[in-house]
$ cat input36.cif   # mmCIF, C-alpha atoms
data_protein
loop_
_atom_site.group_PDB
_atom_site.id
_atom_site.type_symbol
_atom_site.label_atom_id
_atom_site.label_comp_id
_atom_site.auth_asym_id
_atom_site.auth_seq_id
_atom_site.Cartn_x
_atom_site.Cartn_y
_atom_site.Cartn_z
ATOM 1 C CA MET N 1 108.370 24.472 -14.479
ATOM 2 C CA LYS N 2 107.250 25.859 -11.117
ATOM 3 C CA TRP N 3 108.416 29.313 -12.204
ATOM 4 C CA LEU N 4 106.457 29.008 -15.465
ATOM 5 C CA ALA N 5 103.292 28.009 -13.598
ATOM 6 C CA GLY N 6 103.751 30.989 -11.256
ATOM 7 C CA PHE N 7 104.290 33.317 -14.213
ATOM 8 C CA GLY N 8 101.146 32.000 -15.920
ATOM 9 C CA ARG N 9 99.127 32.343 -12.703
ATOM 10 C CA PHE N 10 100.314 35.937 -12.250
ATOM 11 C CA TRP N 11 99.134 36.956 -15.746
ATOM 12 C CA TRP N 12 95.864 35.041 -15.346
ATOM 13 C CA ASP N 13 95.163 36.884 -12.069
ATOM 14 C CA PHE N 14 96.338 40.175 -13.560
ATOM 15 C CA VAL N 15 94.192 40.080 -16.722
ATOM 16 C CA VAL N 16 91.247 37.782 -15.956
ATOM 17 C CA GLY N 17 91.046 38.574 -12.232
ATOM 18 C CA ASP N 18 88.776 36.742 -9.830
ATOM 19 C CA ASP N 19 85.813 36.283 -12.179
ATOM 20 C CA TRP N 20 86.703 34.143 -15.185
ATOM 21 C CA LEU N 21 83.064 33.957 -16.263
ATOM 22 C CA ALA N 22 82.942 37.736 -16.814
ATOM 23 C CA ALA N 23 86.049 37.529 -19.020
ATOM 24 C CA ALA N 24 84.573 34.602 -20.981
ATOM 25 C CA LEU N 25 81.253 36.421 -21.496
ATOM 26 C CA VAL N 26 83.089 39.542 -22.723
ATOM 27 C CA ALA N 27 84.955 37.376 -25.246
ATOM 28 C CA ILE N 28 81.662 35.797 -26.415
ATOM 29 C CA ALA N 29 80.026 39.241 -26.768
ATOM 30 C CA ILE N 30 82.951 40.477 -28.885
ATOM 31 C CA GLY N 31 82.712 37.337 -31.035
ATOM 32 C CA LEU N 32 78.967 37.906 -31.555
ATOM 33 C CA THR N 33 79.611 41.554 -32.459
ATOM 34 C CA ALA N 34 82.181 40.458 -35.048
ATOM 35 C CA ALA N 35 79.751 37.876 -36.443
ATOM 36 C CA LEU N 36 76.951 40.463 -36.694
ATOM 37 C CA ALA N 37 79.255 43.011 -38.333
ATOM 38 C CA HIS N 38 80.846 40.688 -40.861
ATOM 39 C CA GLU N 39 78.267 37.993 -41.566
ATOM 40 C CA THR N 40 74.949 39.873 -41.506
ATOM 41 C CA ASP N 41 73.442 43.210 -42.523
ATOM 42 C CA VAL N 42 72.339 43.898 -38.944
ATOM 43 C CA THR N 43 73.888 46.919 -37.165
ATOM 44 C CA ALA N 44 76.382 45.586 -34.616
ATOM 45 C CA TRP N 45 77.442 48.521 -32.371
ATOM 46 C CA TRP N 46 74.596 48.086 -29.851
ATOM 47 C CA LEU N 47 75.626 44.612 -28.706
ATOM 48 C CA MET N 48 78.584 45.577 -26.497
ATOM 49 C CA PRO N 49 76.684 48.323 -24.567
ATOM 50 C CA VAL N 50 73.940 45.758 -23.894
ATOM 51 C CA ALA N 51 76.338 42.955 -22.965
ATOM 52 C CA ALA N 52 78.620 44.959 -20.606
ATOM 53 C CA PRO N 53 75.919 45.870 -18.009
ATOM 54 C CA LEU N 54 74.585 42.302 -18.089
ATOM 55 C CA VAL N 55 78.068 40.902 -17.459
ATOM 56 C CA LEU N 56 78.605 43.467 -14.677
ATOM 57 C CA TRP N 57 75.298 42.545 -13.032
ATOM 58 C CA LEU N 58 76.107 38.838 -13.212
ATOM 59 C CA SER N 59 79.592 39.449 -11.823
ATOM 60 C CA LEU N 60 78.154 41.513 -8.935
ATOM 61 C CA ARG N 61 75.653 38.767 -8.095
ATOM 62 C CA ARG N 62 78.418 36.162 -8.085
ATOM 63 C CA ALA N 63 80.594 38.353 -5.837
ATOM 64 C CA ILE N 64 77.736 38.955 -3.371
ATOM 65 C CA ARG N 65 76.844 35.256 -3.270
ATOM 66 C CA SER N 66 80.430 34.245 -2.552
ATOM 67 C CA MET L 1 92.699 68.309 -27.628
ATOM 68 C CA THR L 2 90.021 65.861 -28.858
ATOM 69 C CA THR L 3 87.493 64.218 -26.519
ATOM 70 C CA GLY L 4 89.281 60.889 -26.881
ATOM 71 C CA ASN L 5 92.667 62.418 -26.010
ATOM 72 C CA ALA L 6 91.268 64.290 -22.996
ATOM 73 C CA PHE L 7 89.781 61.025 -21.695
ATOM 74 C CA LEU L 8 93.066 59.307 -22.392
ATOM 75 C CA VAL L 9 95.071 61.718 -20.208
ATOM 76 C CA LEU L 10 92.434 61.774 -17.462
ATOM 77 C CA SER L 11 92.102 57.967 -17.375
ATOM 78 C CA ALA L 12 95.869 57.429 -17.253
ATOM 79 C CA PHE L 13 96.143 60.090 -14.509
ATOM 80 C CA LEU L 14 93.379 58.646 -12.310
ATOM 81 C CA ALA L 15 94.419 55.005 -12.724
ATOM 82 C CA SER L 16 98.039 55.854 -11.984
ATOM 83 C CA ALA L 17 97.124 57.990 -8.963
ATOM 84 C CA VAL L 18 95.115 55.135 -7.422
ATOM 85 C CA GLU L 19 97.933 52.624 -7.943
ATOM 86 C CA MET L 20 100.598 55.044 -6.702
ATOM 87 C CA VAL L 21 98.667 55.795 -3.505
ATOM 88 C CA GLU L 22 98.720 52.051 -2.799
ATOM 89 C CA ALA L 23 102.430 51.767 -3.678
ATOM 90 C CA LEU L 24 103.225 54.760 -1.439
ATOM 91 C CA THR L 25 101.601 53.033 1.553
ATOM 92 C CA ILE L 26 103.880 49.996 1.105
ATOM 93 C CA VAL L 27 107.035 52.075 0.513
ATOM 94 C CA LEU L 28 106.347 54.268 3.572
ATOM 95 C CA ALA L 29 105.802 51.220 5.798
ATOM 96 C CA SER L 30 109.009 49.684 4.469
ATOM 97 C CA ALA L 31 111.007 52.907 4.879
ATOM 98 C CA LEU L 32 109.842 53.619 8.436
ATOM 99 C CA ALA L 33 110.396 50.037 9.631
ATOM 100 C CA ARG L 34 113.519 49.061 7.656
ATOM 101 C CA GLY L 35 115.175 52.353 6.704
ATOM 102 C CA TRP L 36 114.897 54.731 3.757
ATOM 103 C CA ARG L 37 118.058 53.589 1.928
ATOM 104 C CA SER L 38 116.951 50.002 1.238
ATOM 105 C CA SER L 39 113.363 51.049 0.503
ATOM 106 C CA LEU L 40 114.385 53.755 -1.967
ATOM 107 C CA ALA L 41 116.791 51.293 -3.630
ATOM 108 C CA GLY L 42 113.774 48.965 -4.065
ATOM 109 C CA VAL L 43 111.735 51.829 -5.583
ATOM 110 C CA GLY L 44 114.608 52.639 -7.965
ATOM 111 C CA ALA L 45 115.049 49.010 -9.071
ATOM 112 C CA ALA L 46 111.291 48.595 -9.646
ATOM 113 C CA THR L 47 111.182 51.853 -11.643
ATOM 114 C CA LEU L 48 114.016 50.582 -13.868
ATOM 115 C CA ALA L 49 112.217 47.245 -14.363
ATOM 116 C CA LEU L 50 108.993 49.069 -15.297
ATOM 117 C CA ALA L 51 110.880 51.326 -17.726
ATOM 118 C CA ALA L 52 112.440 48.237 -19.376
ATOM 119 C CA ILE L 53 109.007 46.560 -19.720
ATOM 120 C CA THR L 54 107.546 49.759 -21.206
ATOM 121 C CA ALA L 55 110.451 50.162 -23.643
ATOM 122 C CA ALA L 56 110.124 46.533 -24.768
ATOM 123 C CA LEU L 57 106.340 46.407 -25.132
ATOM 124 C CA GLY L 58 105.600 49.971 -26.347
ATOM 125 C CA PRO L 59 107.131 49.751 -29.851
ATOM 126 C CA ALA L 60 105.809 46.184 -30.284
ATOM 127 C CA LEU L 61 102.229 47.356 -29.629
ATOM 128 C CA THR L 62 102.451 50.239 -32.106
ATOM 129 C CA ALA L 63 103.456 47.770 -34.862
ATOM 130 C CA ILE L 64 100.113 45.891 -34.596
ATOM 131 C CA PRO L 65 97.353 46.974 -37.083
ATOM 132 C CA LEU L 66 94.968 49.428 -35.378
ATOM 133 C CA ASN L 67 91.755 47.386 -35.711
ATOM 134 C CA ALA L 68 93.350 44.201 -34.352
ATOM 135 C CA LEU L 69 94.892 46.244 -31.538
ATOM 136 C CA ARG L 70 91.562 47.885 -30.677
ATOM 137 C CA LEU L 71 89.840 44.500 -30.655
ATOM 138 C CA ALA L 72 92.383 42.957 -28.253
ATOM 139 C CA VAL L 73 92.902 46.088 -26.153
ATOM 140 C CA GLY L 74 89.171 46.832 -26.064
ATOM 141 C CA GLY L 75 88.455 43.342 -24.794
ATOM 142 C CA LEU L 76 91.187 43.513 -22.164
ATOM 143 C CA LEU L 77 90.166 46.989 -21.001
ATOM 144 C CA LEU L 78 86.544 45.908 -20.746
ATOM 145 C CA VAL L 79 87.480 42.903 -18.584
ATOM 146 C CA PHE L 80 89.747 45.163 -16.518
ATOM 147 C CA GLY L 81 87.165 47.962 -16.286
ATOM 148 C CA LEU L 82 84.378 45.609 -15.206
ATOM 149 C CA GLN L 83 86.655 44.299 -12.420
ATOM 150 C CA TRP L 84 87.339 47.844 -11.170
ATOM 151 C CA LEU L 85 83.667 48.788 -11.443
ATOM 152 C CA ARG L 86 82.487 45.644 -9.659
ATOM 153 C CA LYS L 87 84.763 46.321 -6.672
ATOM 154 C CA ALA L 88 83.895 50.038 -6.590
ATOM 155 C CA ILE L 89 80.138 49.305 -6.768
ATOM 156 C CA LEU L 90 80.409 46.650 -4.038
ATOM 157 C CA ARG L 91 82.278 49.161 -1.827
ATOM 158 C CA ALA L 92 79.906 52.047 -2.596
ATOM 159 C CA SER L 93 76.868 49.897 -1.779
ATOM 160 C CA GLY L 94 78.320 48.518 1.456
ATOM 161 C CA PHE L 95 78.840 44.913 0.324
ATOM 162 C CA LYS L 96 82.604 45.266 0.606
ATOM 163 C CA ALA L 97 84.647 47.270 3.123
ATOM 164 C CA LEU L 98 86.181 50.499 1.869
ATOM 165 C CA HIS L 99 89.895 50.350 1.134
ATOM 166 C CA ASP L 100 91.553 51.606 4.314
ATOM 167 C CA GLU L 101 95.081 52.860 3.645
ATOM 168 C CA ASP L 102 95.679 53.509 7.375
ATOM 169 C CA ALA L 103 94.840 49.872 8.280
ATOM 170 C CA ILE L 104 96.968 48.527 5.406
ATOM 171 C CA PHE L 105 99.830 50.790 6.501
ATOM 172 C CA ALA L 106 99.606 49.556 10.106
ATOM 173 C CA ARG L 107 99.590 45.921 8.944
ATOM 174 C CA GLU L 108 102.540 46.383 6.567
ATOM 175 C CA LEU L 109 104.458 48.305 9.256
ATOM 176 C CA ALA L 110 103.926 45.554 11.869
ATOM 177 C CA ASP L 111 105.019 42.861 9.374
ATOM 178 C CA ALA L 112 108.100 44.857 8.364
ATOM 179 C CA GLU L 113 109.104 45.531 11.978
ATOM 180 C CA GLY L 114 108.765 41.849 12.879
ATOM 181 C CA ALA L 115 110.846 40.447 10.022
ATOM 182 C CA ALA L 116 114.427 39.313 10.638
ATOM 183 C CA ARG L 117 117.246 41.518 9.323
ATOM 184 C CA VAL L 118 119.243 40.005 6.450
ATOM 185 C CA GLU L 119 121.878 42.131 4.687
ATOM 186 C CA ARG L 120 122.603 41.649 0.972
ATOM 187 C CA ALA L 121 124.719 44.025 -1.142
ATOM 188 C CA GLY L 122 124.789 46.387 1.842
ATOM 189 C CA LEU L 123 120.995 46.664 1.864
ATOM 190 C CA ASP L 124 118.364 45.452 4.273
ATOM 191 C CA TRP L 125 116.895 42.757 1.999
ATOM 192 C CA TYR L 126 113.357 42.737 3.461
ATOM 193 C CA GLY L 127 112.991 46.501 3.004
ATOM 194 C CA PHE L 128 114.380 46.341 -0.530
ATOM 195 C CA VAL L 129 112.141 43.451 -1.649
ATOM 196 C CA LEU L 130 109.012 44.889 0.014
ATOM 197 C CA SER L 131 109.416 48.241 -1.778
ATOM 198 C CA PHE L 132 110.445 46.595 -5.037
ATOM 199 C CA LYS L 133 107.434 44.278 -5.129
ATOM 200 C CA GLY L 134 105.008 47.006 -4.059
ATOM 201 C CA VAL L 135 106.113 49.458 -6.749
ATOM 202 C CA LEU L 136 106.514 46.787 -9.461
ATOM 203 C CA LEU L 137 103.104 45.168 -8.946
ATOM 204 C CA GLU L 138 101.185 48.457 -8.627
ATOM 205 C CA GLY L 139 103.262 49.957 -11.436
ATOM 206 C CA LEU L 140 102.556 47.065 -13.835
ATOM 207 C CA GLU L 141 98.906 47.991 -13.846
ATOM 208 C CA VAL L 142 99.850 51.582 -14.701
ATOM 209 C CA VAL L 143 102.148 50.393 -17.511
ATOM 210 C CA PHE L 144 99.399 48.133 -18.843
ATOM 211 C CA ILE L 145 96.851 50.956 -18.880
ATOM 212 C CA VAL L 146 99.249 53.513 -20.371
ATOM 213 C CA LEU L 147 100.415 51.178 -23.157
ATOM 214 C CA THR L 148 97.020 49.768 -24.099
ATOM 215 C CA PHE L 149 95.140 53.079 -23.828
ATOM 216 C CA GLY L 150 97.929 55.004 -25.516
ATOM 217 C CA SER L 151 98.419 52.596 -28.416
ATOM 218 C CA ALA L 152 94.694 52.129 -29.124
ATOM 219 C CA GLN L 153 94.097 55.900 -29.018
ATOM 220 C CA GLY L 154 97.246 56.476 -31.082
ATOM 221 C CA SER L 155 99.333 58.339 -28.498
ATOM 222 C CA ILE L 156 101.394 56.496 -25.893
ATOM 223 C CA PRO L 157 103.240 59.767 -24.966
ATOM 224 C CA LEU L 158 99.930 61.465 -24.090
ATOM 225 C CA ALA L 159 98.955 58.563 -21.806
ATOM 226 C CA ALA L 160 102.453 58.663 -20.299
ATOM 227 C CA VAL L 161 101.997 62.384 -19.526
ATOM 228 C CA GLY L 162 98.818 61.609 -17.560
ATOM 229 C CA ALA L 163 100.526 58.772 -15.668
ATOM 230 C CA ALA L 164 103.692 60.791 -14.973
ATOM 231 C CA GLY L 165 101.592 63.663 -13.619
ATOM 232 C CA ALA L 166 99.962 61.302 -11.120
ATOM 233 C CA VAL L 167 103.244 59.648 -10.089
ATOM 234 C CA ILE L 168 104.893 63.059 -9.483
ATOM 235 C CA LEU L 169 101.869 64.431 -7.590
ATOM 236 C CA VAL L 170 101.556 61.384 -5.298
ATOM 237 C CA ALA L 171 105.336 61.320 -4.688
ATOM 238 C CA ILE L 172 105.414 65.040 -3.763
ATOM 239 C CA VAL L 173 102.410 64.757 -1.437
ATOM 240 C CA GLY L 174 103.801 61.515 0.041
ATOM 241 C CA VAL L 175 107.176 63.106 0.810
ATOM 242 C CA ALA L 176 105.451 66.183 2.262
ATOM 243 C CA VAL L 177 103.108 64.370 4.647
ATOM 244 C CA ARG L 178 105.160 61.180 5.197
ATOM 245 C CA ALA L 179 101.961 59.288 5.912
ATOM 246 C CA PRO L 180 99.622 57.103 3.878
ATOM 247 C CA LEU L 181 97.217 59.172 1.794
ATOM 248 C CA ALA L 182 94.141 57.934 3.627
ATOM 249 C CA ARG L 183 92.035 61.001 2.797
ATOM 250 C CA VAL L 184 92.199 60.466 -0.948
ATOM 251 C CA PRO L 185 88.670 59.574 -2.124
ATOM 252 C CA GLU L 186 90.005 56.268 -3.378
ATOM 253 C CA ASN L 187 86.724 54.538 -4.139
ATOM 254 C CA LEU L 188 85.457 57.519 -6.143
ATOM 255 C CA MET L 189 88.696 57.450 -8.142
ATOM 256 C CA LYS L 190 88.441 53.693 -8.667
ATOM 257 C CA PHE L 191 84.808 54.102 -9.702
ATOM 258 C CA SER L 192 85.853 56.786 -12.232
ATOM 259 C CA VAL L 193 88.677 54.627 -13.616
ATOM 260 C CA GLY L 194 86.332 51.638 -13.864
ATOM 261 C CA VAL L 195 83.800 53.774 -15.766
ATOM 262 C CA MET L 196 86.471 55.042 -18.172
ATOM 263 C CA LEU L 197 88.075 51.645 -18.788
ATOM 264 C CA THR L 198 84.642 50.112 -19.394
ATOM 265 C CA THR L 199 83.682 52.976 -21.738
ATOM 266 C CA PHE L 200 86.835 52.637 -23.844
ATOM 267 C CA GLY L 201 86.584 48.850 -23.659
ATOM 268 C CA ILE L 202 83.026 48.869 -25.060
ATOM 269 C CA PHE L 203 83.920 51.426 -27.746
ATOM 270 C CA TRP L 204 87.157 49.860 -28.982
ATOM 271 C CA SER L 205 86.130 46.203 -28.761
ATOM 272 C CA ALA L 206 83.005 46.889 -30.859
ATOM 273 C CA GLU L 207 84.993 48.973 -33.359
ATOM 274 C CA GLY L 208 87.776 46.387 -33.521
ATOM 275 C CA ALA L 209 85.173 43.667 -34.137
ATOM 276 C CA GLY L 210 83.991 45.585 -37.200
ATOM 277 C CA ALA L 211 81.019 47.585 -35.835
ATOM 278 C CA HIS L 212 80.567 51.229 -36.846
ATOM 279 C CA TRP L 213 79.477 53.634 -34.130
ATOM 280 C CA PRO L 214 76.869 56.263 -34.987
ATOM 281 C CA GLY L 215 78.693 59.603 -34.762
ATOM 282 C CA ALA L 216 82.133 57.911 -34.900
ATOM 283 C CA ASP L 217 84.430 59.065 -32.028
ATOM 284 C CA ALA L 218 81.717 61.298 -30.545
ATOM 285 C CA ALA L 219 79.882 58.098 -29.569
ATOM 286 C CA ILE L 220 82.428 57.730 -26.714
ATOM 287 C CA LEU L 221 80.518 60.477 -24.852
ATOM 288 C CA GLY L 222 77.252 58.580 -25.262
ATOM 289 C CA VAL L 223 78.833 55.328 -24.054
ATOM 290 C CA LEU L 224 80.385 57.194 -21.108
ATOM 291 C CA GLY L 225 77.027 58.644 -20.050
ATOM 292 C CA PHE L 226 75.393 55.235 -20.403
ATOM 293 C CA VAL L 227 78.053 53.469 -18.295
ATOM 294 C CA ILE L 228 77.827 56.155 -15.566
ATOM 295 C CA VAL L 229 74.019 55.899 -15.371
ATOM 296 C CA VAL L 230 74.068 52.067 -15.309
ATOM 297 C CA SER L 231 76.782 52.010 -12.614
ATOM 298 C CA LEU L 232 74.989 54.534 -10.385
ATOM 299 C CA LEU L 233 71.731 52.606 -10.795
ATOM 300 C CA LEU L 234 73.510 49.407 -9.749
ATOM 301 C CA VAL L 235 74.917 51.164 -6.656
ATOM 302 C CA GLN L 236 71.418 52.345 -5.682
ATOM 303 C CA LEU L 237 69.916 48.920 -6.356
ATOM 304 C CA LEU L 238 72.523 47.126 -4.235
ATOM 305 C CA LYS L 239 72.310 49.758 -1.462
ATOM 306 C CA ARG L 240 68.573 49.088 -1.228
ATOM 307 C CA GLU L 241 69.191 45.331 -1.211
ATOM 308 C CA LYS L 242 71.765 45.721 1.571
ATOM 309 C CA LEU L 243 69.366 47.875 3.595
ATOM 310 C CA GLU L 244 66.510 45.394 3.149
ATOM 311 C CA ALA L 245 68.761 42.514 4.194
ATOM 312 C CA ALA L 246 69.823 44.462 7.311
ATOM 313 C CA THR L 247 66.248 45.287 8.366
ATOM 314 C CA ALA L 248 64.776 41.838 7.540
#
$ encode --input "input36.cif" --output "structure tokens"
Amino acid sequence: MKWLAGFGRFWWDFVVGDDWLAAALVAIAIGLTAALAHETDVTAWWLMPVAAPLVLWLSLRRAIRS
Amino acid sequence: MTTGNAFLVLSAFLASAVEMVEALTIVLASALARGWRSSLAGVGAATLALAAITAALGPALTAIPLNALRLAVGGLLLVFGLQWLRKAILRASGFKALHDEDAIFARELADAEGAARVERAGLDWYGFVLSFKGVLLEGLEVVFIVLTFGSAQGSIPLAAVGAAGAVILVAIVGVAVRAPLARVPENLMKFSVGVMLTTFGIFWSAEGAGAHWPGADAAILGVLGFVIVVSLLLVQLLKREKLEAATA
């Protein structure tokens, strides 16, 4: 069990890193892009280039504050 | 070679070079403090483990439908790229200390010299484990980038060529100078890798989610330019903030 928890923690740190909020916001942005592309007639490609800098800015602010 | 493939090789090369410079620092400290034999055995064992992981995951990734793969890989690369970019921007703007390979080397060397000697299988165990962990952990990131980049772009071998080039180059230079590669412009390389991972992450995650880029693959160049400009602007903005905080 301890080994499993360590294994899970390693992959969490490896993929998500030290800012879980950035990873969650990226996932939300991808979900919104998929919704725009599949459920509406609105062009969807612009959403990720808008979301990525915003997530980066937020992540930088959080890092500086901490 | 297409634009996407050229970026693929360059990204795999730069990311691998950065990780290998860090692995070299650990292996050198281990070798000088605990002996070359145990340290090189650790490097060999880690290389075998990485090869096994690559062989197991590589074919599995290529079996996934391309759009689903690009969605997952794009998302992961974007998260990864934003992490690299955040650290590089914080270092470039002075909010975080630059990575100092000489200081890390000195610290690793002191730790390795102070550890008790335990022999297992004829090897100094501390030296073996230190090298093994260093190469495995730094190498995992390389494997991750090579497999995800390669599979989403449709050519794992091309990504592997970029990574292998970096591993060979760093190993040759490391053996020649027998010192940590402190003069490598590490933050510039990390900044470049962060920009490339973020670019591919934006492009593939949007495409995988069902969006259609104007200009198809050529849009990568536009996204790249956009990410570079945004990142440089953020560096300038934070530099000014740091300066104002220092003079206030």
$ closest_residue --input "input36.cif" --among "N:Ala51, N:Ala35, N:Ile64, N:Ala22" --to "Phe80 (chain L)" --atoms "all atoms listed in the file"
N:Ala22
$ resolve_selection --input "input36.cif" --expression "the PyMOL selection byres ((chain L) within 9 of (chain N))" --output "VMD selection string"
chain L and resid 71 75 to 76 78 to 80 82 to 83 85 to 87 89 to 90 95 to 96 141 198 to 199 202 to 203 205 to 214 223 226 to 227 230 to 231 234
$ write_last_selection --input "input36.cif" --atoms "C-alpha atoms" --output "PDB file, in the coordinates of the input"
ATOM      1  CA  LEU L  71      89.840  44.500 -30.655  1.00  0.00           C
ATOM      2  CA  GLY L  75      88.455  43.342 -24.794  1.00  0.00           C
ATOM      3  CA  LEU L  76      91.187  43.513 -22.164  1.00  0.00           C
ATOM      4  CA  LEU L  78      86.544  45.908 -20.746  1.00  0.00           C
ATOM      5  CA  VAL L  79      87.480  42.903 -18.584  1.00  0.00           C
ATOM      6  CA  PHE L  80      89.747  45.163 -16.518  1.00  0.00           C
ATOM      7  CA  LEU L  82      84.378  45.609 -15.206  1.00  0.00           C
ATOM      8  CA  GLN L  83      86.655  44.299 -12.420  1.00  0.00           C
ATOM      9  CA  LEU L  85      83.667  48.788 -11.443  1.00  0.00           C
ATOM     10  CA  ARG L  86      82.487  45.644  -9.659  1.00  0.00           C
ATOM     11  CA  LYS L  87      84.763  46.321  -6.672  1.00  0.00           C
ATOM     12  CA  ILE L  89      80.138  49.305  -6.768  1.00  0.00           C
ATOM     13  CA  LEU L  90      80.409  46.650  -4.038  1.00  0.00           C
ATOM     14  CA  PHE L  95      78.840  44.913   0.324  1.00  0.00           C
ATOM     15  CA  LYS L  96      82.604  45.266   0.606  1.00  0.00           C
ATOM     16  CA  GLU L 141      98.906  47.991 -13.846  1.00  0.00           C
ATOM     17  CA  THR L 198      84.642  50.112 -19.394  1.00  0.00           C
ATOM     18  CA  THR L 199      83.682  52.976 -21.738  1.00  0.00           C
ATOM     19  CA  ILE L 202      83.026  48.869 -25.060  1.00  0.00           C
ATOM     20  CA  PHE L 203      83.920  51.426 -27.746  1.00  0.00           C
ATOM     21  CA  SER L 205      86.130  46.203 -28.761  1.00  0.00           C
ATOM     22  CA  ALA L 206      83.005  46.889 -30.859  1.00  0.00           C
ATOM     23  CA  GLU L 207      84.993  48.973 -33.359  1.00  0.00           C
ATOM     24  CA  GLY L 208      87.776  46.387 -33.521  1.00  0.00           C
ATOM     25  CA  ALA L 209      85.173  43.667 -34.137  1.00  0.00           C
ATOM     26  CA  GLY L 210      83.991  45.585 -37.200  1.00  0.00           C
ATOM     27  CA  ALA L 211      81.019  47.585 -35.835  1.00  0.00           C
ATOM     28  CA  HIS L 212      80.567  51.229 -36.846  1.00  0.00           C
ATOM     29  CA  TRP L 213      79.477  53.634 -34.130  1.00  0.00           C
ATOM     30  CA  PRO L 214      76.869  56.263 -34.987  1.00  0.00           C
ATOM     31  CA  VAL L 223      78.833  55.328 -24.054  1.00  0.00           C
ATOM     32  CA  PHE L 226      75.393  55.235 -20.403  1.00  0.00           C
ATOM     33  CA  VAL L 227      78.053  53.469 -18.295  1.00  0.00           C
ATOM     34  CA  VAL L 230      74.068  52.067 -15.309  1.00  0.00           C
ATOM     35  CA  SER L 231      76.782  52.010 -12.614  1.00  0.00           C
ATOM     36  CA  LEU L 234      73.510  49.407  -9.749  1.00  0.00           C
TER      37      LEU L 234
END
$ closest_residue --input "input36.cif" --among "L:Ser131, L:Ser16, L:Ser38, L:Asn187" --to "Arg117 (chain L)" --atoms "only C-alpha atoms"
L:Ser38
$ residues_around --input "input36.cif" --residues "region 159-165 of chain L" --least-positions-apart "5" --cutoff "6 Å" --atoms "all atoms listed in the file" --output "short mmCIF file (atom, residue, chain, number, x, y, z; two decimals) with C-alpha atoms, in the coordinates of the input"
data_model
loop_
_atom_site.label_atom_id
_atom_site.label_comp_id
_atom_site.auth_asym_id
_atom_site.auth_seq_id
_atom_site.Cartn_x
_atom_site.Cartn_y
_atom_site.Cartn_z
CA LEU L 8 93.07 59.31 -22.39
CA VAL L 9 95.07 61.72 -20.21
CA ALA L 12 95.87 57.43 -17.25
CA PHE L 13 96.14 60.09 -14.51
CA SER L 16 98.04 55.85 -11.98
CA VAL L 146 99.25 53.51 -20.37
CA GLY L 150 97.93 55.00 -25.52
#
$ closest_residue --input "input36.cif" --among "L:Leu233, L:Leu14, L:Leu69, L:Ile53" --to "Leu140 (chain L)" --atoms "only C-alpha atoms"
L:Ile53
$ closest_residue --input "input36.cif" --among "L:Gly4, L:Gly42, L:Gly35, L:Gly58" --to "Phe144 (chain L)" --atoms "all atoms listed in the file"
L:Gly58
$ atom_distance --input "input36.cif" --atom1 "CA of Gly127 (chain L)" --atom2 "CA of Leu40 (chain L)"
8.9 Å
$ atom_distance --input "input36.cif" --atom1 "CA of Gly194 (chain L)" --atom2 "CA of Trp84 (chain L)"
4.8 Å
$ atom_distance --input "input36.cif" --atom1 "CA of Gly74 (chain L)" --atom2 "CA of Phe10 (chain N)"
20.8 Å
$ closest_residue --input "input36.cif" --among "L:Ala15, L:Met20, L:Arg34, L:Ala92" --to "Leu238 (chain L)" --atoms "all atoms listed in the file"
L:Ala92
$ closest_residue --input "input36.cif" --among "L:Val229, L:Lys190, L:Leu32, L:Gly94" --to "Leu243 (chain L)" --atoms "only C-alpha atoms"
L:Gly94
